[in-house]
Amino acid sequence: MLTTVSARPRDGAIPARKRMQQAVFGLGCLVLGSTAFAAGGEWRSHGYDDAGTRFSPLTQITPDNAKELGLAWSYDLHSSRGVEATPLVVDGVMYVTAAWSIVHAIDVRTGKKRWEYDPKVPPEAGRKACCDAVNRGVAYHEGMVYVASLDGRLIALDAGTGQKRWEQDTLEAAAKDAATITGAPRVFKGKVIIGNGGSELGLRGYITAYDAKTGKQAWRFYTVPGDPSKPFENAAMEMAAKTWDPSGKYWEAGGGGTVWNSMVYDPELDLMYIGVGNGAPWAHLARSPGGGDNLFLSSIVALRPDTGEYVWHYQETPGDNWDYTATQDIILTDLELDGKKRKVLLHAPKNGFFFVVDRTNGEFISAKNFVDVNWATGYDKAGRPIENPEARRTDKPVEVIPSVFGAHNWHSMSYSPQTGLAYFPAQYVPVTLQDDKSWSGPRDNKPGQPMSGVGWNTAKLVNAEAPKAPAYGRLLAWDPVAQKEVWRQEYVSPWNGGTLATAGNVVFQGTADARFIAYDARDGKKLWDTATGSGVIAAPITYEVDGEQYVSVAVGWGGVYGQYTRGSDFKSPGTVYTFKLGGTAPMPEQVAYQLGNLVQGVPYDPADVAEGTLLYVSNCVFCHGVPGVDKGGNLPNLGYSPAAVIGNLETYVFNGPLVSRGMPDFTGKLTSDDVRKIRAFILGTADAVRPKQ
């Protein structure tokens with residue numbers, strides 16, 4: 001049996017020790033992000049400051065007056081896919097992205113469009129995007145706005161006009177069929193820095209820096225080693241290769257380790273820190289049969305921003321076997337630990353443990369689980385997990401907790417030096433995994449292998465046995481010194497939005513069930529909420545305009561979980577909502593989901609259902625969910641499709657009308673017989689779950 005370790009909740013006010021920390025160390029985060037703080041009331045970079053704190057010094061909105069918040073303006077992003085962007089506000093203009101990497105520049109006083117830039121992402125790029133055609137935002141530097149497109153380009157735009165200044169293709173030849181970019185670039189020391197995603201499609205991870213003015217490539221750092229028969233790029237790759245078993249020919253499957261989200265910078269130490277992703281394939285023994293830690297998967301790595309030189313690393317999940325990325329937000333701050341002030345980084349990755357690490361040298365300080373976990377019982381003094389051997393079983397399905405969706409995914413974390421607490425969404429989405437004994441390489445594609453029809457090579461079978469633990473979502477306020485939960489809010493669904501903390505002692509967060517909420521940062525008391533017309537997954541920001549504090553959030557349900565299921569009864573288009581005290585603008589119309597009736601009236605052969613099930617898992621399930629069972633997210637649940645659509649499924653599967661909206665073309669990958677069997681599975685499942693008359 002797998003054992004479970006539970007985080008212990010704490011109630012009550014912030015202890016006196018925290019108030020003392022505020023007095024002594026409260027400005028630690030703001031010193032690290034002094035450039036953003038000096039800008040005064042703006043939000044100039046992705047995490048507010050280079051330290052990624054998402055803590056604003058604005059104080060106009062407080063626990064006493066938050067109930068007076070009202071809408072100032074809203075802006076239609078014209079998007080029906082997931083909206084994950086953190087907006088930036090610079091010189092009175094908001095820069096925010098929607099799906100397909102489209103950039104909108106908005107006047108923050110009026111909510112009216114200044115300009116819009118569409119990078120014209122080819123729709124076939126949607127096939128490679130495991131987790132929706134999303135984009136998490138832009139970077140700003142010296143009059144230019146930088147956006148990374150889904151198909152792998154880095155583009156510099158004139159901030160005033162939206163005209164393109166330069167463009168670079170960031171993808172190596174080997175990455176063309178695998179990589180996408182959904183993350184926001186960062187600018188450190190005059191260099192625009194960007195990674196990518198795509199481990200599941202067989203990619204070798206890397207991160208690249210470009211000159212902000214010219215677009216010329218400055219350096220590239222690989223996160224996993226390449227073919228050991230060729231010279232290593234640097235000493236770091238030579239070191240990393242010793243932790244991989246070459247008999248697995250890991251380089252043929254890419255190895256993984258993509259850097260698709262977190263990047264922060266400490267100017268005093270002149271170090272930037274990146275979070276590295278999961279292995280490719282997911283199964284440890286498939287990519288490295290002899291075991292090994294597989295550096296730098298699931299690690300935090302410190303680099304020199306001028307050169308990309310490796311300085312140190314800390315690996316959170318050695319020999320990653322469960323898609324436990326370390327790409328979640330990293331936050332830099334100073335803490336008093338055992339009577340000594342230390343420069344630390346805070347991290348709450350997918351594996352369920354909250355980490356405090358010395359950012360000067362990568363020394364492990366502490367880790368404590370913030371949700372129930374069963375893959376490990378804790379971490380030893382050296383910073384290695386104490387694993388439960390049951391979690392690596394290969395002979396049977398195992399419900400490893402957290403699941404591949406993570407205890408905390410990309411949804412942004414914030415940290416308040418006033419309360420000494422980190423605020424982040426935690427969750428559980430039930431999944432069981434089992435090593436796929438039939439997997440024979442990165443181009444393998446057998447029925448039943450999850451999404452292998454679009455190129456995934458996980459070497460794992462998903463939900464080979466029904467999971468038993470229930471799904472949940474919650475907001476946690478976490479004390480990184482005591483490594484304890486201080487307060488929580490429970491939600492009806494996983495996949496809730498990122499957080500914002502302010503010096504007014506207010507925490508803002510949007511939720512999967514289409515609400516935007518303000519909490520007292522000290523004790524979690526709910527102060528105010530409003531409907532948003534769509535589930536919220538992005539993080540809010542705050543800024544000051546003409547002496548008034550505003551709060552904005554980009555809303556639009558989606559992402560890998562939101563593609564196929566949902567937590568609300570609404571499905572309004574992507575929208576930016578902006579609130580202020582006393583705001584009186586009318587809310588836009590909120591549209592309900594229209595699932596319709598379960599499909600019926602199309603003939604099928606029940607004998608085809610079993611084979612159709614395996615084909616559906618290989619080609620459809622992570623986008624459309626289980627027919628008639630999942631609720632339908634920003635992509636339709638096929639169990640509720642009109643009979644005319646299901647009856648003519650080939651029309652949509654083979655270079656159909658939805659290819660222009662990102663649906664893969666399965667020509668040459670599926671046969672007409674295959675489509676007939678998939679149709680039988682959809683119809684058979686709909687019949688099975690249909691209420692009996």
# chains A, B, ... in the order shown; residues from 1 in each chain; ligands from 1
>>> select_by_dssp(residues="range 192-289 of chain A", states="alpha helix (DSSP H)", output="ChimeraX atom specification")
/A:235-241,284-287
>>> write_last_selection(atoms="C-alpha atoms", output="short mmCIF file (atom, residue, chain, number, x, y, z; two decimals), in the first residue's frame")
data_model
loop_
_atom_site.label_atom_id
_atom_site.label_comp_id
_atom_site.auth_asym_id
_atom_site.auth_seq_id
_atom_site.Cartn_x
_atom_site.Cartn_y
_atom_site.Cartn_z
CA ALA A 235 31.16 20.87 -18.69
CA ALA A 236 27.62 21.00 -17.31
CA MET A 237 26.39 18.66 -20.05
CA GLU A 238 29.30 16.31 -19.47
CA MET A 239 28.39 16.19 -15.80
CA ALA A 240 24.69 15.68 -16.55
CA ALA A 241 25.39 12.81 -18.98
CA HIS A 284 12.08 6.78 -16.19
CA LEU A 285 13.12 3.26 -17.19
CA ALA A 286 12.14 3.83 -20.83
CA ARG A 287 14.57 6.71 -21.27
#
>>> select_by_dssp(residues="range 243-461 of chain A", states="strand (DSSP E or B)", output="PyMOL selection string")
chain A and resi 255-256+263-266+271-275+279-280+299-303+310-315+330-337+340-347+353-358+364-369+373+376-379+385-387+398+414-416+421-428+433-435+460-461
>>> atom_distance(atom1="CA of Gly143 in chain A", atom2="CA of Ala538 in chain A")
25.0 Å
>>> closest_residue(among="A:Val536, A:Val192, A:Ala105, A:Val89", to="Ile155 in chain A", atoms="only C-alpha atoms")
A:Val192
>>> residues_around(residues="range 109-116 of chain A", least_positions_apart="2", cutoff="10 Å", atoms="only C-alpha atoms", output="ChimeraX atom specification")
/A:72-76,92-97,102-107,118-119,159-163,545-546,550,576-578
>>> residues_around(residues="range 500-514 of chain A", least_positions_apart="6", cutoff="7 Å", atoms="only C-alpha atoms", output="ChimeraX atom specification")
/A:54-63,414-416,493-494,520-522,531-537,539-541,567-568
>>> closest_atom_pairs(of="range 552-669 of chain A", to="range 404-413 of chain A", cutoff="12 Å", atoms="only C-alpha atoms", output="CSV")
residue,atom,partner,partner_atom,distance
A:Gly559,CA,A:Trp410,CA,10.1
A:Val560,CA,A:Phe405,CA,8.7
A:Tyr561,CA,A:Phe405,CA,7.9
A:Gly562,CA,A:Phe405,CA,11.5
A:Phe622,CA,A:Phe405,CA,11.9
>>> residues_around(residues="range 588-600 of chain A", least_positions_apart="3", cutoff="10 Å", atoms="only C-alpha atoms", output="ChimeraX atom specification")
/A:73-76,531-534,566,568-573,575,577,585,603,627-628,631-634,636-647,682-687,689-691
>>> residues_around(residues="Ala66 in chain A", least_positions_apart="5", cutoff="9 Å", atoms="only C-alpha atoms", output="list in words")
Ile61, Val506, Ala518, Tyr519, Leu527, Trp528 and Leu581 of chain A
>>> write_last_selection(atoms="C-alpha atoms", output="tab-separated table (two decimals), in the first residue's frame")
chain	number	residue	atom	x	y	z
A	61	ILE	CA	-7.49	48.77	-1.69
A	506	VAL	CA	-5.38	41.85	0.08
A	518	ALA	CA	-10.49	39.28	-2.81
A	519	TYR	CA	-9.29	37.79	0.50
A	527	LEU	CA	-13.83	40.34	1.32
A	528	TRP	CA	-15.50	40.56	-2.12
A	581	LEU	CA	-13.11	51.26	-5.84
>>> residues_around(residues="range 125-140 of chain A", least_positions_apart="5", cutoff="8 Å", atoms="only C-alpha atoms", output="PDB file with N, CA and C atoms, in the first residue's frame")
ATOM      1  N   ARG A  44       5.447  46.165 -14.805  1.00  0.00           N
ATOM      2  CA  ARG A  44       6.309  46.222 -15.979  1.00  0.00           C
ATOM      3  C   ARG A  44       6.902  44.878 -16.383  1.00  0.00           C
ATOM      4  N   SER A  45       6.795  43.868 -15.525  1.00  0.00           N
ATOM      5  CA  SER A  45       7.345  42.564 -15.887  1.00  0.00           C
ATOM      6  C   SER A  45       6.418  41.463 -15.378  1.00  0.00           C
ATOM      7  N   HIS A  46       6.631  40.263 -15.884  1.00  0.00           N
ATOM      8  CA  HIS A  46       5.693  39.167 -15.712  1.00  0.00           C
ATOM      9  C   HIS A  46       5.316  38.925 -14.256  1.00  0.00           C
ATOM     10  N   ARG A  81     -10.415  30.215 -26.712  1.00  0.00           N
ATOM     11  CA  ARG A  81      -9.499  29.242 -26.122  1.00  0.00           C
ATOM     12  C   ARG A  81      -8.994  29.780 -24.778  1.00  0.00           C
ATOM     13  N   GLY A  82      -8.087  29.047 -24.149  1.00  0.00           N
ATOM     14  CA  GLY A  82      -7.617  29.429 -22.831  1.00  0.00           C
ATOM     15  C   GLY A  82      -6.870  30.745 -22.828  1.00  0.00           C
ATOM     16  N   VAL A  83      -7.076  31.537 -21.764  1.00  0.00           N
ATOM     17  CA  VAL A  83      -6.381  32.810 -21.571  1.00  0.00           C
ATOM     18  C   VAL A  83      -5.546  32.684 -20.307  1.00  0.00           C
ATOM     19  N   GLU A  84      -4.231  32.661 -20.459  1.00  0.00           N
ATOM     20  CA  GLU A  84      -3.322  32.432 -19.326  1.00  0.00           C
ATOM     21  C   GLU A  84      -2.395  33.619 -19.065  1.00  0.00           C
ATOM     22  N   ALA A  85      -2.604  34.736 -19.731  1.00  0.00           N
ATOM     23  CA  ALA A  85      -1.620  35.819 -19.714  1.00  0.00           C
ATOM     24  C   ALA A  85      -1.692  36.664 -18.454  1.00  0.00           C
ATOM     25  N   THR A  86      -0.512  37.034 -17.954  1.00  0.00           N
ATOM     26  CA  THR A  86      -0.372  38.126 -17.000  1.00  0.00           C
ATOM     27  C   THR A  86      -0.187  39.409 -17.798  1.00  0.00           C
ATOM     28  N   PRO A  87      -1.103  40.365 -17.709  1.00  0.00           N
ATOM     29  CA  PRO A  87      -0.912  41.621 -18.442  1.00  0.00           C
ATOM     30  C   PRO A  87       0.264  42.420 -17.883  1.00  0.00           C
ATOM     31  N   LEU A  88       0.853  43.266 -18.712  1.00  0.00           N
ATOM     32  CA  LEU A  88       1.806  44.283 -18.265  1.00  0.00           C
ATOM     33  C   LEU A  88       1.155  45.648 -18.420  1.00  0.00           C
ATOM     34  N   TYR A  95      -0.496  45.683 -22.011  1.00  0.00           N
ATOM     35  CA  TYR A  95      -0.127  44.740 -23.063  1.00  0.00           C
ATOM     36  C   TYR A  95      -0.494  43.344 -22.566  1.00  0.00           C
ATOM     37  N   VAL A  96      -1.386  42.675 -23.296  1.00  0.00           N
ATOM     38  CA  VAL A  96      -1.879  41.375 -22.857  1.00  0.00           C
ATOM     39  C   VAL A  96      -2.056  40.485 -24.076  1.00  0.00           C
ATOM     40  N   THR A  97      -1.857  39.191 -23.893  1.00  0.00           N
ATOM     41  CA  THR A  97      -1.995  38.255 -25.003  1.00  0.00           C
ATOM     42  C   THR A  97      -3.220  37.369 -24.805  1.00  0.00           C
ATOM     43  N   ALA A  98      -3.723  36.900 -25.930  1.00  0.00           N
ATOM     44  CA  ALA A  98      -4.790  35.906 -25.941  1.00  0.00           C
ATOM     45  C   ALA A  98      -4.250  34.651 -26.600  1.00  0.00           C
ATOM     46  N   ALA A  99      -5.133  33.685 -26.865  1.00  0.00           N
ATOM     47  CA  ALA A  99      -4.728  32.456 -27.545  1.00  0.00           C
ATOM     48  C   ALA A  99      -4.117  32.783 -28.901  1.00  0.00           C
ATOM     49  N   TRP A 100      -3.315  31.840 -29.397  1.00  0.00           N
ATOM     50  CA  TRP A 100      -2.625  31.979 -30.683  1.00  0.00           C
ATOM     51  C   TRP A 100      -1.645  33.149 -30.690  1.00  0.00           C
ATOM     52  N   SER A 101      -1.208  33.560 -29.474  1.00  0.00           N
ATOM     53  CA  SER A 101      -0.116  34.533 -29.309  1.00  0.00           C
ATOM     54  C   SER A 101      -0.470  35.918 -29.836  1.00  0.00           C
ATOM     55  N   VAL A 145       8.005  45.654 -27.035  1.00  0.00           N
ATOM     56  CA  VAL A 145       7.237  44.560 -26.451  1.00  0.00           C
ATOM     57  C   VAL A 145       7.652  43.280 -27.153  1.00  0.00           C
ATOM     58  N   TYR A 146       7.887  42.225 -26.370  1.00  0.00           N
ATOM     59  CA  TYR A 146       8.370  40.957 -26.927  1.00  0.00           C
ATOM     60  C   TYR A 146       7.334  39.870 -26.667  1.00  0.00           C
ATOM     61  N   VAL A 147       6.980  39.146 -27.726  1.00  0.00           N
ATOM     62  CA  VAL A 147       6.048  38.042 -27.607  1.00  0.00           C
ATOM     63  C   VAL A 147       6.652  36.818 -28.268  1.00  0.00           C
ATOM     64  N   ALA A 148       6.424  35.662 -27.683  1.00  0.00           N
ATOM     65  CA  ALA A 148       6.858  34.393 -28.278  1.00  0.00           C
ATOM     66  C   ALA A 148       5.622  33.702 -28.837  1.00  0.00           C
ATOM     67  N   SER A 149       5.679  33.334 -30.101  1.00  0.00           N
ATOM     68  CA  SER A 149       4.509  32.752 -30.758  1.00  0.00           C
ATOM     69  C   SER A 149       4.457  31.244 -30.530  1.00  0.00           C
ATOM     70  N   LEU A 150       3.251  30.696 -30.648  1.00  0.00           N
ATOM     71  CA  LEU A 150       3.041  29.276 -30.405  1.00  0.00           C
ATOM     72  C   LEU A 150       3.929  28.412 -31.291  1.00  0.00           C
ATOM     73  N   ASP A 151       4.203  28.871 -32.508  1.00  0.00           N
ATOM     74  CA  ASP A 151       5.013  28.083 -33.445  1.00  0.00           C
ATOM     75  C   ASP A 151       6.509  28.335 -33.303  1.00  0.00           C
ATOM     76  N   ASP A 177       9.131  19.714 -35.218  1.00  0.00           N
ATOM     77  CA  ASP A 177       7.908  18.925 -35.149  1.00  0.00           C
ATOM     78  C   ASP A 177       7.431  18.704 -33.722  1.00  0.00           C
ATOM     79  N   ALA A 178       8.133  19.282 -32.752  1.00  0.00           N
ATOM     80  CA  ALA A 178       7.798  18.996 -31.358  1.00  0.00           C
ATOM     81  C   ALA A 178       7.514  20.246 -30.534  1.00  0.00           C
ATOM     82  N   ALA A 179       8.264  21.300 -30.738  1.00  0.00           N
ATOM     83  CA  ALA A 179       8.257  22.423 -29.800  1.00  0.00           C
ATOM     84  C   ALA A 179       7.156  23.433 -30.084  1.00  0.00           C
ATOM     85  N   THR A 180       6.642  23.973 -29.021  1.00  0.00           N
ATOM     86  CA  THR A 180       5.779  25.145 -29.049  1.00  0.00           C
ATOM     87  C   THR A 180       6.254  26.097 -27.962  1.00  0.00           C
ATOM     88  N   ILE A 181       5.801  27.340 -28.032  1.00  0.00           N
ATOM     89  CA  ILE A 181       6.076  28.284 -26.951  1.00  0.00           C
ATOM     90  C   ILE A 181       4.749  28.830 -26.450  1.00  0.00           C
ATOM     91  N   THR A 182       4.524  28.674 -25.164  1.00  0.00           N
ATOM     92  CA  THR A 182       3.346  29.236 -24.517  1.00  0.00           C
ATOM     93  C   THR A 182       3.732  30.230 -23.425  1.00  0.00           C
ATOM     94  N   GLY A 183       5.006  30.270 -23.050  1.00  0.00           N
ATOM     95  CA  GLY A 183       5.452  31.092 -21.935  1.00  0.00           C
ATOM     96  C   GLY A 183       5.743  32.527 -22.323  1.00  0.00           C
ATOM     97  N   ALA A 184       5.837  33.363 -21.301  1.00  0.00           N
ATOM     98  CA  ALA A 184       6.194  34.767 -21.481  1.00  0.00           C
ATOM     99  C   ALA A 184       7.704  34.923 -21.473  1.00  0.00           C
ATOM    100  N   PRO A 185       8.270  35.694 -22.405  1.00  0.00           N
ATOM    101  CA  PRO A 185       9.708  35.974 -22.344  1.00  0.00           C
ATOM    102  C   PRO A 185      10.029  36.806 -21.100  1.00  0.00           C
ATOM    103  N   ARG A 186      11.296  36.835 -20.731  1.00  0.00           N
ATOM    104  CA  ARG A 186      11.790  37.748 -19.702  1.00  0.00           C
ATOM    105  C   ARG A 186      12.964  38.525 -20.294  1.00  0.00           C
ATOM    106  N   VAL A 187      13.213  39.718 -19.754  1.00  0.00           N
ATOM    107  CA  VAL A 187      14.371  40.510 -20.163  1.00  0.00           C
ATOM    108  C   VAL A 187      15.239  40.743 -18.943  1.00  0.00           C
ATOM    109  N   GLY A 198       7.141  21.002 -25.100  1.00  0.00           N
ATOM    110  CA  GLY A 198       7.075  19.941 -26.092  1.00  0.00           C
ATOM    111  C   GLY A 198       7.739  18.649 -25.698  1.00  0.00           C
ATOM    112  N   GLU A 200       6.631  16.025 -24.342  1.00  0.00           N
ATOM    113  CA  GLU A 200       5.845  14.828 -24.660  1.00  0.00           C
ATOM    114  C   GLU A 200       6.004  14.398 -26.116  1.00  0.00           C
ATOM    115  N   LEU A 201       6.414  15.315 -26.970  1.00  0.00           N
ATOM    116  CA  LEU A 201       6.593  14.997 -28.388  1.00  0.00           C
ATOM    117  C   LEU A 201       8.028  14.593 -28.717  1.00  0.00           C
ATOM    118  N   VAL A 454      -1.022  11.855 -32.100  1.00  0.00           N
ATOM    119  CA  VAL A 454      -0.525  13.194 -32.421  1.00  0.00           C
ATOM    120  C   VAL A 454       0.940  13.349 -32.022  1.00  0.00           C
ATOM    121  N   ALA A 538      -5.643  32.583 -15.307  1.00  0.00           N
ATOM    122  CA  ALA A 538      -4.526  33.519 -15.291  1.00  0.00           C
ATOM    123  C   ALA A 538      -4.429  34.222 -13.938  1.00  0.00           C
ATOM    124  N   GLY A 558      -9.538  27.349 -20.071  1.00  0.00           N
ATOM    125  CA  GLY A 558      -8.796  26.505 -20.991  1.00  0.00           C
ATOM    126  C   GLY A 558      -7.594  25.872 -20.331  1.00  0.00           C
ATOM    127  N   GLY A 559      -6.537  25.643 -21.112  1.00  0.00           N
ATOM    128  CA  GLY A 559      -5.396  24.897 -20.623  1.00  0.00           C
ATOM    129  C   GLY A 559      -5.629  23.411 -20.753  1.00  0.00           C
ATOM    130  N   VAL A 560      -4.647  22.617 -20.369  1.00  0.00           N
ATOM    131  CA  VAL A 560      -4.726  21.176 -20.598  1.00  0.00           C
ATOM    132  C   VAL A 560      -5.922  20.542 -19.890  1.00  0.00           C
ATOM    133  N   TYR A 561      -6.228  20.980 -18.679  1.00  0.00           N
ATOM    134  CA  TYR A 561      -7.396  20.468 -17.963  1.00  0.00           C
ATOM    135  C   TYR A 561      -8.675  21.114 -18.484  1.00  0.00           C
ATOM    136  N   GLN A 563      -9.408  22.161 -21.398  1.00  0.00           N
ATOM    137  CA  GLN A 563      -9.832  21.829 -22.749  1.00  0.00           C
ATOM    138  C   GLN A 563     -11.024  20.890 -22.746  1.00  0.00           C
ATOM    139  N   ARG A 661      -8.681  25.857 -37.251  1.00  0.00           N
ATOM    140  CA  ARG A 661      -8.791  26.312 -35.863  1.00  0.00           C
ATOM    141  C   ARG A 661      -7.894  25.509 -34.931  1.00  0.00           C
ATOM    142  N   GLY A 662      -6.994  24.693 -35.508  1.00  0.00           N
ATOM    143  CA  GLY A 662      -5.994  24.007 -34.713  1.00  0.00           C
ATOM    144  C   GLY A 662      -6.195  22.531 -34.527  1.00  0.00           C
ATOM    145  N   MET A 663      -7.282  21.964 -35.054  1.00  0.00           N
ATOM    146  CA  MET A 663      -7.474  20.520 -34.926  1.00  0.00           C
ATOM    147  C   MET A 663      -6.486  19.789 -35.812  1.00  0.00           C
ATOM    148  N   PRO A 664      -5.862  18.716 -35.309  1.00  0.00           N
ATOM    149  CA  PRO A 664      -4.939  17.954 -36.152  1.00  0.00           C
ATOM    150  C   PRO A 664      -5.642  17.332 -37.354  1.00  0.00           C
TER     151      PRO A 664
END
>>> closest_atom_pairs(of="range 206-288 of chain A", to="range 459-465 of chain A", cutoff="7 Å", atoms="only C-alpha atoms", output="tab-separated table")
residue	atom	partner	partner_atom	distance
A:Pro281	CA	A:Ala459	CA	5.8
A:Trp282	CA	A:Ala459	CA	6.3
A:Ala283	CA	A:Ala459	CA	5.5
A:Ala286	CA	A:Ala459	CA	6.7
>>> write_last_selection(atoms="N, CA and C atoms", output="short mmCIF file (atom, residue, chain, number, x, y, z; two decimals), in the first residue's frame")
data_model
loop_
_atom_site.label_atom_id
_atom_site.label_comp_id
_atom_site.auth_asym_id
_atom_site.auth_seq_id
_atom_site.Cartn_x
_atom_site.Cartn_y
_atom_site.Cartn_z
N PRO A 281 10.67 10.12 -22.62
CA PRO A 281 9.29 10.00 -22.19
C PRO A 281 9.13 10.12 -20.68
N TRP A 282 7.87 10.11 -20.22
CA TRP A 282 7.65 10.20 -18.78
C TRP A 282 8.29 9.05 -18.04
N ALA A 283 8.18 7.84 -18.55
CA ALA A 283 8.66 6.65 -17.84
C ALA A 283 10.18 6.69 -17.71
N ALA A 286 12.16 3.83 -19.37
CA ALA A 286 12.14 3.83 -20.83
C ALA A 286 13.25 4.70 -21.40
#
>>> atom_distance(atom1="CA of Glu124 in chain A", atom2="CA of Pro442 in chain A")
20.4 Å
>>> atom_distance(atom1="CA of Tyr604 in chain A", atom2="CA of Thr671 in chain A")
16.6 Å
>>> closest_residue(among="A:Pro397, A:Phe353, A:Pro305, A:Ala610", to="Gly448 in chain A", atoms="only C-alpha atoms")
A:Ala610
>>> closest_atom_pairs(of="range 415-435 of chain A", to="range 483-488 of chain A", cutoff="12 Å", atoms="only C-alpha atoms", output="JSON lines")
{"residue": "A:Thr419", "atom": "CA", "partner": "A:Val486", "partner_atom": "CA", "distance": 10.5}
{"residue": "A:Gly420", "atom": "CA", "partner": "A:Val486", "partner_atom": "CA", "distance": 10.5}
{"residue": "A:Leu421", "atom": "CA", "partner": "A:Val486", "partner_atom": "CA", "distance": 8.2}
{"residue": "A:Ala422", "atom": "CA", "partner": "A:Glu485", "partner_atom": "CA", "distance": 9.6}
{"residue": "A:Tyr423", "atom": "CA", "partner": "A:Arg488", "partner_atom": "CA", "distance": 9.4}
{"residue": "A:Phe424", "atom": "CA", "partner": "A:Arg488", "partner_atom": "CA", "distance": 9.8}
{"residue": "A:Pro425", "atom": "CA", "partner": "A:Arg488", "partner_atom": "CA", "distance": 9.5}
{"residue": "A:Ala426", "atom": "CA", "partner": "A:Arg488", "partner_atom": "CA", "distance": 9.7}
{"residue": "A:Gln427", "atom": "CA", "partner": "A:Arg488", "partner_atom": "CA", "distance": 11.9}
